[in-house]
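Structure below is run_38.cif: mmCIF, C-alpha atoms.
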```
data_target
loop_
_atom_site.label_atom_id
_atom_site.label_comp_id
_atom_site.auth_asym_id
_atom_site.auth_seq_id
_atom_site.Cartn_x
_atom_site.Cartn_y
_atom_site.Cartn_z
CA MET A 1 40.23 74.11 64.22
CA MET A 2 40.41 71.03 66.43
CA THR A 3 38.44 67.83 65.93
CA LEU A 4 35.66 67.05 68.36
CA ASP A 5 37.75 64.58 70.36
CA ASP A 6 41.00 66.57 70.29
CA GLN A 7 42.70 68.59 73.01
CA PRO A 8 44.79 71.74 72.66
CA LEU A 9 48.50 71.45 72.04
CA ARG A 10 50.19 71.96 75.41
CA ILE A 11 53.82 73.09 75.68
CA ALA A 12 55.35 74.19 78.98
CA GLY A 13 51.98 75.10 80.47
CA ARG A 14 50.84 77.03 77.38
CA GLU A 15 47.88 75.91 75.25
CA PHE A 16 47.49 76.34 71.50
CA ALA A 17 44.64 75.45 69.15
CA SER A 18 46.91 75.41 66.08
CA ARG A 19 49.45 72.61 65.68
CA LEU A 20 51.42 74.43 63.00
CA LEU A 21 54.41 76.52 64.10
CA VAL A 22 55.94 78.83 61.49
CA GLY A 23 59.23 80.65 61.01
CA THR A 24 59.85 84.18 59.77
CA GLY A 25 62.91 83.76 57.56
CA LYS A 26 63.36 83.84 53.77
CA TYR A 27 60.19 85.75 52.81
CA ARG A 28 60.43 88.48 50.19
CA ASN A 29 59.41 91.24 52.57
CA ALA A 30 57.63 92.00 55.82
CA GLU A 31 54.22 92.20 54.15
CA GLU A 32 54.54 88.69 52.74
CA THR A 33 55.72 87.40 56.11
CA ALA A 34 52.69 88.84 57.88
CA ALA A 35 50.26 87.55 55.23
CA ALA A 36 51.69 84.02 55.29
CA LEU A 37 51.58 83.84 59.08
CA GLU A 38 47.97 84.99 59.02
CA ALA A 39 47.02 82.41 56.39
CA SER A 40 48.73 79.58 58.29
CA GLY A 41 46.62 80.09 61.38
CA THR A 42 49.73 79.67 63.52
CA GLU A 43 49.89 80.89 67.09
CA VAL A 44 53.63 80.28 67.60
CA VAL A 45 56.22 82.09 65.49
CA THR A 46 59.91 81.27 65.63
CA PHE A 47 62.78 83.56 64.63
CA ALA A 48 66.58 83.48 64.70
CA VAL A 49 67.76 85.82 67.44
CA ARG A 50 71.14 86.35 65.80
CA ARG A 51 69.62 87.38 62.46
CA THR A 52 66.52 89.34 63.44
CA ASP A 53 65.91 93.01 64.05
CA LEU A 54 63.81 93.33 67.19
CA GLY A 55 63.84 97.09 67.00
CA GLN A 56 67.52 97.94 66.95
CA GLY A 57 67.13 100.40 64.04
CA ASN A 58 67.76 98.50 60.78
CA ASP A 59 65.95 99.35 57.53
CA GLU A 60 63.31 96.59 57.66
CA PRO A 61 60.36 96.92 60.06
CA PRO A 62 61.18 95.40 63.46
CA LEU A 63 59.93 91.87 63.93
CA LEU A 64 57.70 92.90 66.81
CA GLU A 65 55.74 95.11 64.42
CA VAL A 66 55.23 92.27 61.93
CA VAL A 67 54.64 89.63 64.63
CA PRO A 68 53.08 91.41 67.61
CA PRO A 69 53.46 89.50 70.91
CA SER A 70 49.85 90.40 71.71
CA ARG A 71 48.79 88.07 68.89
CA TYR A 72 51.53 85.44 68.62
CA THR A 73 53.66 83.48 71.06
CA LEU A 74 57.25 84.24 70.12
CA LEU A 75 59.73 81.37 69.95
CA PRO A 76 63.27 82.75 69.69
CA ASN A 77 65.71 80.19 68.32
CA THR A 78 69.47 79.75 68.30
CA ALA A 79 69.96 79.17 64.55
CA GLY A 80 73.55 79.91 63.59
CA CYS A 81 75.01 78.56 66.85
CA TYR A 82 77.60 75.79 66.62
CA ASP A 83 78.37 75.16 70.27
CA ALA A 84 76.55 75.14 73.59
CA ARG A 85 78.18 78.33 74.84
CA ALA A 86 76.91 80.40 71.89
CA ALA A 87 73.43 78.89 72.16
CA VAL A 88 73.13 79.66 75.87
CA ARG A 89 74.37 83.21 75.34
CA THR A 90 71.86 83.72 72.50
CA CYS A 91 68.92 82.54 74.63
CA ARG A 92 69.93 84.85 77.45
CA LEU A 93 70.08 87.74 74.98
CA ALA A 94 66.57 86.88 73.75
CA ARG A 95 65.28 86.82 77.31
CA GLU A 96 66.75 90.26 77.94
CA LEU A 97 65.36 91.73 74.70
CA LEU A 98 61.91 90.21 75.26
CA ASP A 99 61.46 91.24 78.90
CA GLY A 100 61.99 87.88 80.56
CA HIS A 101 60.52 85.59 77.87
CA ASN A 102 61.77 82.08 78.64
CA LEU A 103 60.31 79.79 75.92
CA VAL A 104 63.09 79.05 73.40
CA LYS A 105 63.92 76.73 70.55
CA LEU A 106 67.39 75.28 71.05
CA GLU A 107 69.28 74.59 67.83
CA VAL A 108 72.99 73.74 67.91
CA LEU A 109 74.36 72.84 64.48
CA GLY A 110 77.21 70.50 63.61
CA ASP A 111 78.47 72.13 60.41
CA GLU A 112 77.56 74.73 57.82
CA THR A 113 77.10 72.24 54.98
CA THR A 114 74.47 69.86 56.37
CA LEU A 115 73.14 71.99 59.26
CA TYR A 116 72.77 68.66 61.04
CA PRO A 117 72.35 68.99 64.81
CA ASN A 118 75.36 68.54 67.06
CA VAL A 119 73.66 66.41 69.69
CA VAL A 120 76.57 66.52 72.16
CA GLU A 121 76.52 70.32 72.28
CA THR A 122 72.70 70.31 72.23
CA LEU A 123 72.61 68.19 75.38
CA LYS A 124 75.12 70.48 77.11
CA ALA A 125 73.18 73.60 76.15
CA ALA A 126 69.82 72.11 77.17
CA GLU A 127 71.12 71.24 80.62
CA ALA A 128 72.51 74.74 81.16
CA LEU A 129 69.39 76.51 79.88
CA ILE A 130 66.97 74.42 81.92
CA ALA A 131 69.05 75.09 85.04
CA ASP A 132 68.75 78.79 84.20
CA GLY A 133 64.95 78.68 84.10
CA PHE A 134 64.30 78.38 80.35
CA ASP A 135 61.56 76.26 78.79
CA VAL A 136 63.53 74.47 76.09
CA MET A 137 62.14 73.02 72.86
CA ALA A 138 65.08 71.09 71.46
CA TYR A 139 65.86 70.55 67.76
CA THR A 140 67.65 67.22 67.41
CA SER A 141 68.38 64.25 65.19
CA ASP A 142 65.86 61.45 64.75
CA ASP A 143 67.75 59.28 67.27
CA PRO A 144 65.32 57.95 69.92
CA ILE A 145 68.10 57.64 72.51
CA VAL A 146 69.13 61.28 72.18
CA ALA A 147 65.47 62.32 72.27
CA GLY A 148 65.06 60.43 75.52
CA GLU A 149 68.13 62.11 77.02
CA LEU A 150 66.76 65.54 76.14
CA GLU A 151 63.45 64.73 77.77
CA SER A 152 65.23 63.41 80.87
CA LEU A 153 67.09 66.71 81.16
CA GLY A 154 63.75 68.50 81.27
CA CYS A 155 63.11 69.75 77.73
CA CYS A 156 59.45 70.67 77.28
CA ALA A 157 59.30 69.47 73.66
CA ILE A 158 61.43 67.27 71.41
CA MET A 159 61.85 68.39 67.79
CA PRO A 160 63.49 65.74 65.58
CA LEU A 161 64.28 66.60 61.99
CA GLY A 162 62.38 64.99 59.14
CA SER A 163 65.34 65.63 56.85
CA LEU A 164 67.99 68.32 56.51
CA ILE A 165 67.02 71.94 57.19
CA GLY A 166 65.71 73.59 54.05
CA SER A 167 65.96 70.41 51.96
CA GLY A 168 62.24 69.81 51.45
CA CYS A 169 62.93 66.06 51.35
CA GLY A 170 60.17 65.13 53.80
CA ILE A 171 60.39 62.53 56.56
CA GLN A 172 63.22 60.15 55.74
CA ASN A 173 62.95 57.87 58.79
CA PRO A 174 59.28 57.57 59.81
CA TYR A 175 60.01 54.53 61.98
CA HIS A 176 62.53 56.52 64.03
CA ILE A 177 60.00 59.30 64.46
CA ARG A 178 57.38 56.81 65.59
CA LEU A 179 59.81 55.36 68.16
CA ILE A 180 60.46 58.83 69.56
CA ILE A 181 56.72 59.50 69.80
CA GLU A 182 56.03 56.17 71.52
CA ARG A 183 58.72 56.79 74.14
CA SER A 184 58.04 60.48 74.82
CA SER A 185 55.79 62.01 77.43
CA VAL A 186 56.37 65.56 76.15
CA PRO A 187 55.20 66.91 72.78
CA VAL A 188 57.09 65.74 69.69
CA LEU A 189 57.24 68.11 66.72
CA ILE A 190 58.78 67.54 63.31
CA ASP A 191 61.25 70.36 62.73
CA ALA A 192 63.06 70.65 59.37
CA GLY A 193 62.66 68.94 56.02
CA ILE A 194 58.96 69.33 55.32
CA GLY A 195 58.47 70.44 51.71
CA THR A 196 54.80 70.14 50.91
CA ALA A 197 51.39 69.53 52.43
CA SER A 198 51.35 65.73 52.13
CA GLU A 199 54.55 65.54 54.21
CA ALA A 200 53.04 67.72 56.92
CA ALA A 201 49.97 65.48 56.96
CA LEU A 202 52.19 62.38 57.24
CA ALA A 203 53.98 63.86 60.25
CA MET A 204 50.65 64.30 62.00
CA GLU A 205 49.39 60.85 60.94
CA LEU A 206 52.49 59.34 62.56
CA GLY A 207 51.33 60.89 65.83
CA CYS A 208 53.45 64.03 66.02
CA ASP A 209 51.92 66.69 68.21
CA ALA A 210 52.75 69.51 65.79
CA VAL A 211 54.93 70.55 62.87
CA LEU A 212 57.33 73.48 62.64
CA MET A 213 58.29 74.83 59.21
CA ASN A 214 59.69 77.85 57.43
CA SER A 215 61.24 77.09 54.02
CA ALA A 216 58.30 75.02 52.77
CA ILE A 217 56.10 78.11 52.98
CA ALA A 218 58.60 80.89 52.31
CA HIS A 219 60.14 79.20 49.24
CA ALA A 220 56.82 78.29 47.63
CA HIS A 221 55.83 80.14 44.45
CA ASP A 222 52.88 81.52 46.43
CA PRO A 223 53.77 81.48 50.14
CA VAL A 224 50.34 82.63 51.30
CA ALA A 225 48.57 79.86 49.36
CA MET A 226 51.08 77.31 50.67
CA ALA A 227 50.49 78.53 54.21
CA ARG A 228 46.78 77.82 53.78
CA ALA A 229 47.58 74.37 52.39
CA MET A 230 49.85 73.57 55.32
CA LYS A 231 47.18 74.65 57.78
CA ALA A 232 44.69 72.27 56.16
CA ALA A 233 47.25 69.44 55.94
CA VAL A 234 48.13 69.60 59.62
CA GLN A 235 44.45 69.59 60.56
CA ALA A 236 43.70 66.67 58.21
CA GLY A 237 46.67 64.64 59.41
CA ARG A 238 45.74 65.18 63.04
CA GLY A 239 42.14 64.19 62.31
CA ALA A 240 43.25 61.01 60.54
CA TYR A 241 45.55 60.10 63.43
CA LEU A 242 42.75 60.51 65.96
CA ALA A 243 40.30 58.60 63.77
CA GLY A 244 42.65 55.62 63.41
CA ARG A 245 43.47 54.38 59.93
CA MET A 246 42.14 51.10 58.60
CA PRO A 247 44.52 48.12 58.87
CA ARG A 248 46.66 47.23 55.88
CA ARG A 249 45.72 43.90 54.30
CA ASP A 250 47.45 41.52 51.91
CA GLN A 251 44.22 40.79 50.04
CA ALA A 252 41.36 42.79 48.63
CA GLU A 253 38.17 43.06 50.65
CA PRO A 254 34.97 44.33 48.98
CA SER A 255 33.40 47.41 50.50
CA SER A 256 29.92 46.01 49.83
CA PRO A 257 28.72 42.70 51.38
CA MET A 258 28.55 39.69 49.09
CA ALA A 259 25.33 38.32 50.64
CA GLY A 260 22.00 39.58 49.35
CA ARG A 261 23.26 40.78 45.96
CA LEU A 262 20.74 40.99 43.12
CA GLY A 263 20.89 37.83 41.03
CA ALA A 264 22.86 35.93 43.64
#
```
The structure in this file should be written as structure tokens.
Amino acid sequence: MMTLDDQPLRIAGREFASRLLVGTGKYRNAEETAAALEASGTEVVTFAVRRTDLGQGNDEPPLLEVVPPSRYTLLPNTAGCYDARAAVRTCRLARELLDGHNLVKLEVLGDETTLYPNVVETLKAAEALIADGFDVMAYTSDDPIVAGELESLGCCAIMPLGSLIGSGCGIQNPYHIRLIIERSSVPVLIDAGIGTASEAALAMELGCDAVLMNSAIAHAHDPVAMARAMKAAVQAGRGAYLAGRMPRRDQAEPSSPMAGRLGA
């Protein structure tokens, strides 16, 4: 649900009412995945191309049965790629498997321990994919300079991390995120590190256009309940951002006027 003064989220010519994007990994089973996605209200679902059965005959139900393209916008991602060449090849495979689908989440990692983005390889992959006709949403560090370079290359969304993937540590550098938002003319989404609803709300209060998460929902004791909480948090944070918070003050200020009090 959008506030009265809000507009839809727009990414690469597509419009979405929900500003919460959700991943499909780490759930207990397909039924829990489907229920959590439903509870989140998401319209965009991301999945790792290299780790997902799209109907190739594995034991689990194919992703396209759990997440039907008629209902959700699919966002294949390049998780597990550590150089530009692998990321580009993975996106081309996704496009072939999904009948020409060209909206992708680019993720090129630096190492297996931190899963921190390799921004040099990310820039190389983004340039190649955009030249090949892809709409690229780029996962990156919270460096405003790198974010600007990705936008200059033509990325349709910039996705800085809040903290390390799967850490649940929240937004560690809110001032960096705010700088990226202030300098960007494409949507900015927090991707990675969100652990609970208050952190999702903070991302939206900072002015992010949306939040993408997976572990925060899938690793919760009750993923479906957490999905509902995240939906509400993103809506509340967006509403607060649009409303404009009160200024911070060094001194107290009474909420009731001093003049006209009884006995004054």
Gly13 in chain A surroundings by only C-alpha atoms, 12 Å radius, close-in-sequence under 5 positions cut, as a ChimeraX atom specification: /A:8,103,135,156-157,186-187
For CA of Val108 in chain A and CA of Tyr82 in chain A, the interatomic separation in Å (one decimal):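 Straight-line distance from CA of Val108 in chain A to CA of Tyr82 in chain A works out to 5.2 Å.
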Expansion of the PyMOL selection byres ((chain A and resi 133) around 12) into residues, as a list in words: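 Checked against the file, the PyMOL selection byres ((chain A and resi 133) around 12) matches Ala12, Val88, Cys91, Arg92, Arg95, Gly100, His101, Asn102, Leu103, Val104, Ala126, Glu127, Ala128, Leu129, Ile130, Ala131, Asp132, Phe134, Asp135, Val136, Gly154, Cys155 and Cys156 of chain A.
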Which residues of range 25-116 of chain A sit at most 10 Å from range 208-224 of chain A, using all atoms listed in the file? Give each one's shortest atom pair and distance in Å (one decimal place), in chain and ascending residue order, as a tab-separated table.
```
residue	atom	partner	partner_atom	distance
A:Gly25	CA	A:Asn214	CA	6.7
A:Lys26	CA	A:Ala218	CA	5.8
A:Tyr27	CA	A:Ala218	CA	5.1
A:Arg28	CA	A:Ala218	CA	8.1
A:Glu32	CA	A:Val224	CA	7.5
A:Thr33	CA	A:Ala218	CA	8.1
A:Ala34	CA	A:Val224	CA	9.3
A:Ala35	CA	A:Val224	CA	6.3
A:Ala36	CA	A:Val224	CA	4.4
A:Leu37	CA	A:Val224	CA	8.0
A:Glu38	CA	A:Val224	CA	8.4
A:Ala39	CA	A:Val224	CA	6.1
A:Ser40	CA	A:Val224	CA	7.8
A:Thr42	CA	A:Leu212	CA	9.8
A:Val44	CA	A:Leu212	CA	9.2
A:Val45	CA	A:Leu212	CA	9.1
A:Thr46	CA	A:Leu212	CA	8.7
A:Phe47	CA	A:Asn214	CA	9.7
```
Nearest to Ala138 in chain A, chosen from A:Ile181, A:Leu164, A:Cys81, A:Val188, with all atoms listed in the file counted in the distances: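 Going through A:Ile181, A:Leu164, A:Cys81, A:Val188 one by one, the smallest distance to Ala138 in chain A is for A:Val188.
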Test item: residues at most 8 Å from range 140-143 of chain A, all atoms listed in the file, excluding those fewer than 6 positions along its chain, as a list in words: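 The neighbour list is Glu107, Tyr116, Pro117, Asn118, Val119, Thr122, Ile158, Met159, Pro160, Leu161, Gly162, Asn173, His176, Ile177 and Ile180 of chain A.
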For CA of Gln235 in chain A and CA of Gly207 in chain A, the interatomic separation in Å (one decimal):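 Answer for the CA of Gln235 in chain A to CA of Gly207 in chain A separation: 12.3 Å.
Counting all atoms listed in the file and comparing A:Leu153, A:Pro247, A:Arg178, A:Pro144, the residue that lies closest to Lys124 in chain A is A:Leu153.
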Minimum-distance residue to Glu112 in chain A, chosen among A:Leu98, A:Leu206, A:Ile165, A:Ala86 (using only C-alpha atoms):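 When distances to Glu112 in chain A are compared using only C-alpha atoms, the smallest one comes from A:Ile165.
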One-decimal distance in Å that lies between CA of Gly23 in chain A and CA of Asp191 in chain A: 10.6 Å
Minimum-distance residue to Arg183 in chain A, chosen among A:Thr113, A:Ser198, A:Ser152, A:Ser163 (using all atoms listed in the file):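 So, comparing all the options, the nearest one is A:Ser152.
With only C-alpha atoms as the atoms that count, the residue of A:Gly168, A:Glu65, A:Gly193, A:Arg19 with the shortest distance to Glu31 in chain A is A:Glu65.
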Polymer residues at most 10 Å from (52.8, 63.9, 58.1) by only C-alpha atoms, as a list of chain:residue names: A:Gly162, A:Gly170, A:Ile171, A:Pro174, A:Ile190, A:Ile194, A:Thr196, A:Ala197, A:Ser198, A:Glu199, A:Ala200, A:Ala201, A:Leu202, A:Ala203, A:Met204, A:Glu205, A:Leu206, A:Gly207, A:Cys208, A:Ala210, A:Val211, A:Ala233, A:Val234, A:Ala236, A:Gly237, A:Arg238, A:Tyr241
If you count all atoms listed in the file, which residues fall within 9 Å of Ser184 in chain A, apart from same-chain ones fewer than 5 positions away, as a compact mmCIF listing (two decimals) with C-alpha atoms, in the frame of the given file?
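File selection_1.txt, as written:
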```
# COMPACT_ATOMS: atom_id res chain seq x y z
CA ALA A 147 65.47 62.32 72.27
CA GLY A 148 65.06 60.43 75.52
CA GLU A 151 63.45 64.73 77.77
CA ILE A 158 61.43 67.27 71.41
CA LEU A 179 59.81 55.36 68.16
```
